[in-house]
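protein_32.cif (mmCIF, C-alpha atoms) appears below.
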data_input
loop_
_atom_site.group_PDB
_atom_site.id
_atom_site.type_symbol
_atom_site.label_atom_id
_atom_site.label_comp_id
_atom_site.auth_asym_id
_atom_site.auth_seq_id
_atom_site.Cartn_x
_atom_site.Cartn_y
_atom_site.Cartn_z
ATOM 1 C CA MET A 1 -19.310 32.810 -16.761
ATOM 2 C CA MET A 2 -17.781 33.242 -13.327
ATOM 3 C CA PRO A 3 -18.324 36.507 -11.451
ATOM 4 C CA PRO A 4 -15.174 38.560 -10.963
ATOM 5 C CA LYS A 5 -13.276 37.623 -7.828
ATOM 6 C CA ASP A 6 -13.856 40.135 -5.100
ATOM 7 C CA ASP A 7 -11.060 40.637 -2.563
ATOM 8 C CA ALA A 8 -13.641 40.196 0.197
ATOM 9 C CA MET A 9 -14.375 36.728 -1.202
ATOM 10 C CA THR A 10 -10.741 35.599 -1.251
ATOM 11 C CA LYS A 11 -9.060 37.276 1.705
ATOM 12 C CA ASN A 12 -9.253 35.934 5.221
ATOM 13 C CA LEU A 13 -10.089 32.420 4.066
ATOM 14 C CA PRO A 14 -10.195 29.759 6.787
ATOM 15 C CA ILE A 15 -7.546 27.046 6.984
ATOM 16 C CA ILE A 16 -8.293 23.326 6.879
ATOM 17 C CA THR A 17 -7.480 21.764 10.239
ATOM 18 C CA SER A 18 -8.616 18.200 9.468
ATOM 19 C CA GLU A 19 -10.186 16.127 6.744
ATOM 20 C CA LYS A 20 -11.706 12.635 6.853
ATOM 21 C CA VAL A 21 -13.058 10.702 3.884
ATOM 22 C CA ALA A 22 -15.793 8.073 4.024
ATOM 23 C CA ASP A 23 -16.045 5.907 0.927
ATOM 24 C CA LEU A 24 -19.751 5.549 0.180
ATOM 25 C CA GLY A 25 -19.228 2.931 -2.509
ATOM 26 C CA GLY A 26 -20.194 3.383 -6.102
ATOM 27 C CA ARG A 27 -19.102 6.733 -7.455
ATOM 28 C CA SER A 28 -19.321 8.917 -4.368
ATOM 29 C CA GLN A 29 -17.627 9.759 -1.119
ATOM 30 C CA LEU A 30 -18.361 11.985 1.851
ATOM 31 C CA ARG A 31 -15.667 14.259 3.212
ATOM 32 C CA ARG A 32 -15.807 15.898 6.638
ATOM 33 C CA VAL A 33 -13.598 18.973 6.457
ATOM 34 C CA ALA A 34 -12.885 21.074 9.542
ATOM 35 C CA TYR A 35 -11.938 24.726 9.040
ATOM 36 C CA THR A 36 -10.586 27.309 11.449
ATOM 37 C CA PHE A 37 -11.530 30.870 10.558
ATOM 38 C CA PRO A 38 -9.396 33.985 11.136
ATOM 39 C CA ASP A 39 -11.451 34.803 14.264
ATOM 40 C CA GLN A 40 -10.388 31.360 15.616
ATOM 41 C CA THR A 41 -13.869 29.843 15.356
ATOM 42 C CA SER A 42 -13.994 26.350 13.897
ATOM 43 C CA HIS A 43 -16.625 24.421 12.033
ATOM 44 C CA ALA A 44 -16.755 21.048 10.256
ATOM 45 C CA TYR A 45 -18.627 20.635 6.957
ATOM 46 C CA ASP A 46 -19.855 17.439 5.324
ATOM 47 C CA ILE A 47 -19.142 17.606 1.594
ATOM 48 C CA PHE A 48 -20.471 15.149 -0.985
ATOM 49 C CA ASP A 49 -17.956 14.377 -3.765
ATOM 50 C CA LEU A 50 -17.851 12.259 -6.859
ATOM 51 C CA ARG A 51 -14.962 9.844 -6.782
ATOM 52 C CA LYS A 52 -11.775 10.625 -8.641
ATOM 53 C CA THR A 53 -12.806 8.251 -11.452
ATOM 54 C CA MET A 54 -15.399 10.834 -12.519
ATOM 55 C CA GLN A 55 -14.955 14.447 -13.553
ATOM 56 C CA GLY A 56 -18.518 15.599 -12.930
ATOM 57 C CA SER A 57 -21.610 14.796 -14.911
ATOM 58 C CA ALA A 58 -23.243 15.845 -18.142
ATOM 59 C CA ALA A 59 -26.922 16.271 -18.969
ATOM 60 C CA LEU A 60 -28.690 16.777 -22.272
ATOM 61 C CA LEU A 61 -32.114 18.234 -23.022
ATOM 62 C CA PRO A 62 -33.062 17.274 -26.603
ATOM 63 C CA ILE A 63 -35.518 19.448 -28.541
ATOM 64 C CA ASP A 64 -37.093 18.540 -31.874
ATOM 65 C CA ASP A 65 -38.120 20.765 -34.791
ATOM 66 C CA GLU A 66 -41.684 21.039 -33.428
ATOM 67 C CA GLY A 67 -40.496 22.426 -30.075
ATOM 68 C CA ASN A 68 -40.896 19.220 -28.038
ATOM 69 C CA ILE A 69 -38.342 18.237 -25.434
ATOM 70 C CA TYR A 70 -37.555 14.673 -24.341
ATOM 71 C CA LEU A 71 -37.317 13.838 -20.651
ATOM 72 C CA ILE A 72 -36.482 10.632 -18.823
ATOM 73 C CA GLU A 73 -38.914 9.029 -16.426
ATOM 74 C CA GLU A 74 -36.823 7.089 -13.932
ATOM 75 C CA PHE A 75 -36.762 6.020 -10.306
ATOM 76 C CA LEU A 76 -35.659 8.923 -8.116
ATOM 77 C CA ALA A 77 -34.165 7.109 -5.134
ATOM 78 C CA ALA A 78 -33.948 10.113 -2.790
ATOM 79 C CA GLU A 79 -37.695 10.683 -3.213
ATOM 80 C CA GLY A 80 -38.636 7.008 -3.393
ATOM 81 C CA LYS A 81 -40.750 7.421 -6.520
ATOM 82 C CA PHE A 82 -40.627 7.654 -10.293
ATOM 83 C CA GLY A 83 -40.290 11.139 -11.759
ATOM 84 C CA LEU A 84 -38.963 13.131 -14.686
ATOM 85 C CA SER A 85 -35.350 14.150 -15.129
ATOM 86 C CA LEU A 86 -32.749 14.936 -17.747
ATOM 87 C CA ALA A 87 -30.720 12.243 -19.455
ATOM 88 C CA ARG A 88 -27.642 12.593 -17.280
ATOM 89 C CA GLY A 89 -24.632 10.680 -16.103
ATOM 90 C CA GLY A 90 -20.978 10.713 -15.173
ATOM 91 C CA ILE A 91 -18.190 12.082 -17.306
ATOM 92 C CA GLU A 92 -15.306 9.623 -17.347
ATOM 93 C CA VAL A 93 -11.831 11.046 -16.770
ATOM 94 C CA GLY A 94 -10.597 12.488 -20.072
ATOM 95 C CA GLU A 95 -14.040 12.328 -21.713
ATOM 96 C CA ASP A 96 -15.483 15.441 -23.355
ATOM 97 C CA PRO A 97 -18.649 16.574 -21.495
ATOM 98 C CA ALA A 98 -20.683 16.832 -24.739
ATOM 99 C CA VAL A 99 -19.691 13.279 -25.701
ATOM 100 C CA ALA A 100 -20.701 12.061 -22.235
ATOM 101 C CA ALA A 101 -24.083 13.819 -22.545
ATOM 102 C CA LEU A 102 -24.749 12.177 -25.921
ATOM 103 C CA ARG A 103 -23.704 8.770 -24.531
ATOM 104 C CA GLU A 104 -26.093 9.128 -21.604
ATOM 105 C CA LEU A 105 -28.943 10.197 -23.909
ATOM 106 C CA GLN A 106 -28.424 7.081 -26.032
ATOM 107 C CA GLU A 107 -28.206 4.812 -22.978
ATOM 108 C CA GLU A 108 -31.265 6.233 -21.228
ATOM 109 C CA ALA A 109 -33.552 7.251 -24.096
ATOM 110 C CA GLY A 110 -32.363 5.621 -27.310
ATOM 111 C CA LEU A 111 -31.910 9.091 -28.816
ATOM 112 C CA THR A 112 -29.080 11.184 -30.162
ATOM 113 C CA CYS A 113 -28.742 14.754 -31.411
ATOM 114 C CA GLU A 114 -26.931 16.129 -34.435
ATOM 115 C CA LYS A 115 -25.816 19.272 -32.588
ATOM 116 C CA VAL A 116 -25.322 20.066 -28.902
ATOM 117 C CA VAL A 117 -25.086 23.563 -27.458
ATOM 118 C CA PRO A 118 -23.817 24.268 -23.939
ATOM 119 C CA LEU A 119 -26.472 25.838 -21.705
ATOM 120 C CA TRP A 120 -24.725 25.890 -18.311
ATOM 121 C CA ALA A 121 -21.814 24.413 -16.405
ATOM 122 C CA GLY A 122 -21.190 24.771 -12.716
ATOM 123 C CA CYS A 123 -21.324 23.368 -9.237
ATOM 124 C CA VAL A 124 -24.796 22.223 -8.176
ATOM 125 C CA ILE A 125 -24.561 23.023 -4.442
ATOM 126 C CA PRO A 126 -21.158 24.639 -3.827
ATOM 127 C CA SER A 127 -21.727 24.863 -0.075
ATOM 128 C CA ALA A 128 -22.221 21.091 0.273
ATOM 129 C CA SER A 129 -20.869 19.327 -2.809
ATOM 130 C CA SER A 130 -18.099 19.453 -5.388
ATOM 131 C CA TRP A 131 -20.496 17.960 -7.977
ATOM 132 C CA HIS A 132 -20.098 19.841 -11.283
ATOM 133 C CA VAL A 133 -22.625 19.440 -14.074
ATOM 134 C CA HIS A 134 -22.545 20.424 -17.748
ATOM 135 C CA ILE A 135 -26.024 20.933 -19.242
ATOM 136 C CA PHE A 136 -26.481 20.857 -23.025
ATOM 137 C CA LEU A 137 -29.373 21.550 -25.384
ATOM 138 C CA GLY A 138 -29.542 19.111 -28.282
ATOM 139 C CA TYR A 139 -30.904 19.785 -31.786
ATOM 140 C CA GLY A 140 -31.578 17.330 -34.601
ATOM 141 C CA VAL A 141 -33.114 14.583 -32.453
ATOM 142 C CA ARG A 142 -33.193 11.108 -33.920
ATOM 143 C CA THR A 143 -33.742 7.581 -32.668
ATOM 144 C CA VAL A 144 -30.795 5.205 -32.218
ATOM 145 C CA PRO A 145 -30.482 1.794 -30.545
ATOM 146 C CA GLN A 146 -30.666 2.153 -26.771
ATOM 147 C CA THR A 147 -27.459 0.839 -25.206
ATOM 148 C CA GLY A 148 -26.373 0.032 -21.690
ATOM 149 C CA GLY A 149 -27.503 2.346 -18.966
ATOM 150 C CA ASP A 150 -27.401 1.765 -15.232
ATOM 151 C CA GLU A 151 -30.860 2.958 -14.217
ATOM 152 C CA PHE A 152 -32.578 0.352 -12.066
ATOM 153 C CA GLY A 153 -36.273 -0.086 -12.690
ATOM 154 C CA GLY A 154 -35.839 1.042 -16.295
ATOM 155 C CA THR A 155 -36.473 4.349 -17.994
ATOM 156 C CA LYS A 156 -39.202 5.713 -20.196
ATOM 157 C CA THR A 157 -38.819 8.613 -22.624
ATOM 158 C CA ILE A 158 -41.440 11.348 -22.261
ATOM 159 C CA LYS A 159 -42.079 13.885 -25.039
ATOM 160 C CA MET A 160 -43.395 17.284 -23.917
ATOM 161 C CA PRO A 161 -43.819 20.687 -25.598
ATOM 162 C CA LEU A 162 -41.167 23.091 -24.292
ATOM 163 C CA ALA A 163 -43.858 25.665 -23.441
ATOM 164 C CA ASP A 164 -45.674 23.083 -21.270
ATOM 165 C CA ALA A 165 -42.393 22.172 -19.560
ATOM 166 C CA VAL A 166 -41.786 25.851 -18.710
ATOM 167 C CA ALA A 167 -45.272 26.106 -17.184
ATOM 168 C CA ASN A 168 -44.678 22.858 -15.250
ATOM 169 C CA VAL A 169 -41.362 24.150 -13.869
ATOM 170 C CA LYS A 170 -42.971 27.415 -12.759
ATOM 171 C CA SER A 171 -45.880 25.591 -11.089
ATOM 172 C CA GLY A 172 -43.609 23.093 -9.310
ATOM 173 C CA LYS A 173 -44.826 20.065 -11.293
ATOM 174 C CA LEU A 174 -41.254 19.563 -12.560
ATOM 175 C CA PRO A 175 -39.438 20.178 -9.266
ATOM 176 C CA GLY A 176 -35.861 19.038 -9.972
ATOM 177 C CA ALA A 177 -33.448 21.988 -9.897
ATOM 178 C CA LEU A 178 -31.259 20.779 -12.785
ATOM 179 C CA LEU A 179 -34.295 19.963 -14.907
ATOM 180 C CA GLY A 180 -35.860 23.333 -14.105
ATOM 181 C CA LEU A 181 -32.658 25.179 -14.933
ATOM 182 C CA ALA A 182 -32.276 23.296 -18.214
ATOM 183 C CA VAL A 183 -35.889 23.929 -19.251
ATOM 184 C CA LEU A 184 -35.751 27.654 -18.450
ATOM 185 C CA LEU A 185 -32.397 28.123 -20.192
ATOM 186 C CA ALA A 186 -33.615 26.131 -23.208
ATOM 187 C CA ALA A 187 -36.713 28.341 -23.419
ATOM 188 C CA GLN A 188 -34.516 31.433 -23.328
ATOM 189 C CA GLU A 189 -32.273 29.963 -26.050
ATOM 190 C CA VAL A 190 -35.095 28.737 -28.308
ATOM 191 C CA LEU A 191 -37.904 31.195 -27.650
ATOM 192 C CA GLY A 192 -35.757 34.248 -27.006
#
Mind turning the file's structure into structure tokens?
Amino acid sequence: MMPPKDDAMTKNLPIITSEKVADLGGRSQLRRVAYTFPDQTSHAYDIFDLRKTMQGSAALLPIDDEGNIYLIEEFLAAEGKFGLSLARGGIEVGEDPAVAALRELQEEAGLTCEKVVPLWAGCVIPSASSWHVHIFLGYGVRTVPQTGGDEFGGTKTIKMPLADAVANVKSGKLPGALLGLAVLLAAQEVLG
């Protein structure tokens, strides 16, 4: 749910004075956008975007009847190590976010869910990126053939009690912001 628009948030917006795009290859680009503010000060911002062939990404946190969640152990390139994350990937143009989340779960974990419930949708870092993510909680977990996937170094599916995941998020042992958000929202949804 978006907060109500406040006039202070929408009036006196700066104007764009220039914009340059650097194609980073793959599915991303970097834009340098220069703004001039009403007080005549100017500043350029570097903004990370997904390419126009994607409409954001979708992530799914599956939970079974015993209260276990399923995470993906994969190579986290920005950190240069393997770590835990959500099954997540790009939403193709015209694709439903829930369908994309289920596709990514099958590709990365060889799992599917009978029912998906939206937990959150929004911009990850609105000051520096236009990257929008849809996070879902999945019920009715079952194994299916693992297909495709584009994770280099492979993936491994890790089963963990939701209560342990909450404790690990709070202690910093599960440090990813999207994973932490998904775990805490899932706990609120499931545990009340």
Identify, on the basis of only C-alpha atoms, every residue whose closest approach to segment 82-84 of chain A does not exceed 12 Å; exclude the query and any residue fewer than 2 positions from it along the same chain; express the result as a PDB file with C-alpha atoms, in the coordinates of the input.
ATOM      1  CA  LEU A  61     -32.114  18.234 -23.022  1.00  0.00           C
ATOM      2  CA  ILE A  69     -38.342  18.237 -25.434  1.00  0.00           C
ATOM      3  CA  TYR A  70     -37.555  14.673 -24.341  1.00  0.00           C
ATOM      4  CA  LEU A  71     -37.317  13.838 -20.651  1.00  0.00           C
ATOM      5  CA  ILE A  72     -36.482  10.632 -18.823  1.00  0.00           C
ATOM      6  CA  GLU A  73     -38.914   9.029 -16.426  1.00  0.00           C
ATOM      7  CA  GLU A  74     -36.823   7.089 -13.932  1.00  0.00           C
ATOM      8  CA  PHE A  75     -36.762   6.020 -10.306  1.00  0.00           C
ATOM      9  CA  LEU A  76     -35.659   8.923  -8.116  1.00  0.00           C
ATOM     10  CA  ALA A  77     -34.165   7.109  -5.134  1.00  0.00           C
ATOM     11  CA  ALA A  78     -33.948  10.113  -2.790  1.00  0.00           C
ATOM     12  CA  GLU A  79     -37.695  10.683  -3.213  1.00  0.00           C
ATOM     13  CA  GLY A  80     -38.636   7.008  -3.393  1.00  0.00           C
ATOM     14  CA  LEU A  86     -32.749  14.936 -17.747  1.00  0.00           C
ATOM     15  CA  ALA A  87     -30.720  12.243 -19.455  1.00  0.00           C
ATOM     16  CA  ARG A  88     -27.642  12.593 -17.280  1.00  0.00           C
ATOM     17  CA  GLU A 151     -30.860   2.958 -14.217  1.00  0.00           C
ATOM     18  CA  PHE A 152     -32.578   0.352 -12.066  1.00  0.00           C
ATOM     19  CA  GLY A 153     -36.273  -0.086 -12.690  1.00  0.00           C
ATOM     20  CA  GLY A 154     -35.839   1.042 -16.295  1.00  0.00           C
ATOM     21  CA  THR A 155     -36.473   4.349 -17.994  1.00  0.00           C
ATOM     22  CA  LYS A 156     -39.202   5.713 -20.196  1.00  0.00           C
ATOM     23  CA  THR A 157     -38.819   8.613 -22.624  1.00  0.00           C
ATOM     24  CA  ILE A 158     -41.440  11.348 -22.261  1.00  0.00           C
ATOM     25  CA  LYS A 159     -42.079  13.885 -25.039  1.00  0.00           C
ATOM     26  CA  MET A 160     -43.395  17.284 -23.917  1.00  0.00           C
ATOM     27  CA  ALA A 165     -42.393  22.172 -19.560  1.00  0.00           C
ATOM     28  CA  ASN A 168     -44.678  22.858 -15.250  1.00  0.00           C
ATOM     29  CA  VAL A 169     -41.362  24.150 -13.869  1.00  0.00           C
ATOM     30  CA  LYS A 173     -44.826  20.065 -11.293  1.00  0.00           C
ATOM     31  CA  LEU A 174     -41.254  19.563 -12.560  1.00  0.00           C
ATOM     32  CA  PRO A 175     -39.438  20.178  -9.266  1.00  0.00           C
ATOM     33  CA  GLY A 176     -35.861  19.038  -9.972  1.00  0.00           C
ATOM     34  CA  ALA A 177     -33.448  21.988  -9.897  1.00  0.00           C
ATOM     35  CA  LEU A 178     -31.259  20.779 -12.785  1.00  0.00           C
ATOM     36  CA  LEU A 179     -34.295  19.963 -14.907  1.00  0.00           C
ATOM     37  CA  GLY A 180     -35.860  23.333 -14.105  1.00  0.00           C
TER      38      GLY A 180
END
| message | Report, in Å with one decimal, the straight-line distance from atom CA of Leu24 of chain A to atom CA of Ile47 of chain A. | response |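 Calculated distance between atom CA of Leu24 of chain A and atom CA of Ile47 of chain A is 12.2 Å.
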| message | Counting all atoms listed in the file, which residues sit no farther than 9 Å from the position (-10.6, 14.4, 7.9) in the file's frame? I'd like them as number ranges by chain. | response | A: 17-21, 31-34
| request: Just say which residues the PyMOL selection byres ((chain A and resi 107-116) around 6) picks in this file, as a list in words. | output: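 Checking the PyMOL selection byres ((chain A and resi 107-116) around 6) against this file, the residues are Glu104, Leu105, Gln106, Val117, Leu137, Gly138, Tyr139, Gly140, Val141, Arg142, Thr143, Val144, Pro145, Gln146, Thr147, Gly148, Gly149 and Thr157 of chain A.
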| task | List the residues matched by the PyMOL selection byres ((chain A and resi 125-131) around 6) in the displayed structure as a PyMOL selection string, ordered by chain and then by residue number. | result | chain A and resi 47-49+56+123-124+132
| task | For the structure shown, which residues end up in the PyMOL selection byres ((chain A and resi 98) around 9)? Put them as number ranges by chain, please? | result | A: 58-60, 95-97, 99-103, 116-118, 134-136
| request: Go ahead and compute the interatomic distance for atom CA of Ile16 of chain A and atom CA of Thr41 of chain A, in Å to one decimal. | output: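 About the pair atom CA of Ile16 of chain A and atom CA of Thr41 of chain A: they are 12.1 Å apart.
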| task | Have a look at atom CA of Ala182 of chain A and atom CA of Glu92 of chain A and let me know their distance in Å, one decimal. | result |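 Between atom CA of Ala182 of chain A and atom CA of Glu92 of chain A the gap is 21.8 Å.
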| field | Among the residues A:Ala163, A:Gly122, A:Leu13, A:Gly90, the one that comes closest to Gly26 of chain A [using all atoms listed in the file] | value |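 Answer, going by the shortest atom-to-atom distance: A:Gly90.
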| Taking into account all atoms listed in the file, which residue in the set A:Asp39, A:Gly67, A:Ser57, A:Lys81 is nearest to Val93 of chain A? | A:Ser57
| query | So, counting only C-alpha atoms, which residue among A:Ser28, A:Val183, A:Leu162, A:Pro14 is closest to Gln55 of chain A? | reply |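 Nearest candidate to Gln55 of chain A out of A:Ser28, A:Val183, A:Leu162, A:Pro14: A:Ser28.
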| task | Counting all atoms listed in the file, figure out which residue out of A:Gly94, A:Gly25, A:Pro62, A:Pro38 gets nearest to Leu119 of chain A. | result |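 With all atoms listed in the file as the atom set, the closest residue is A:Pro62.
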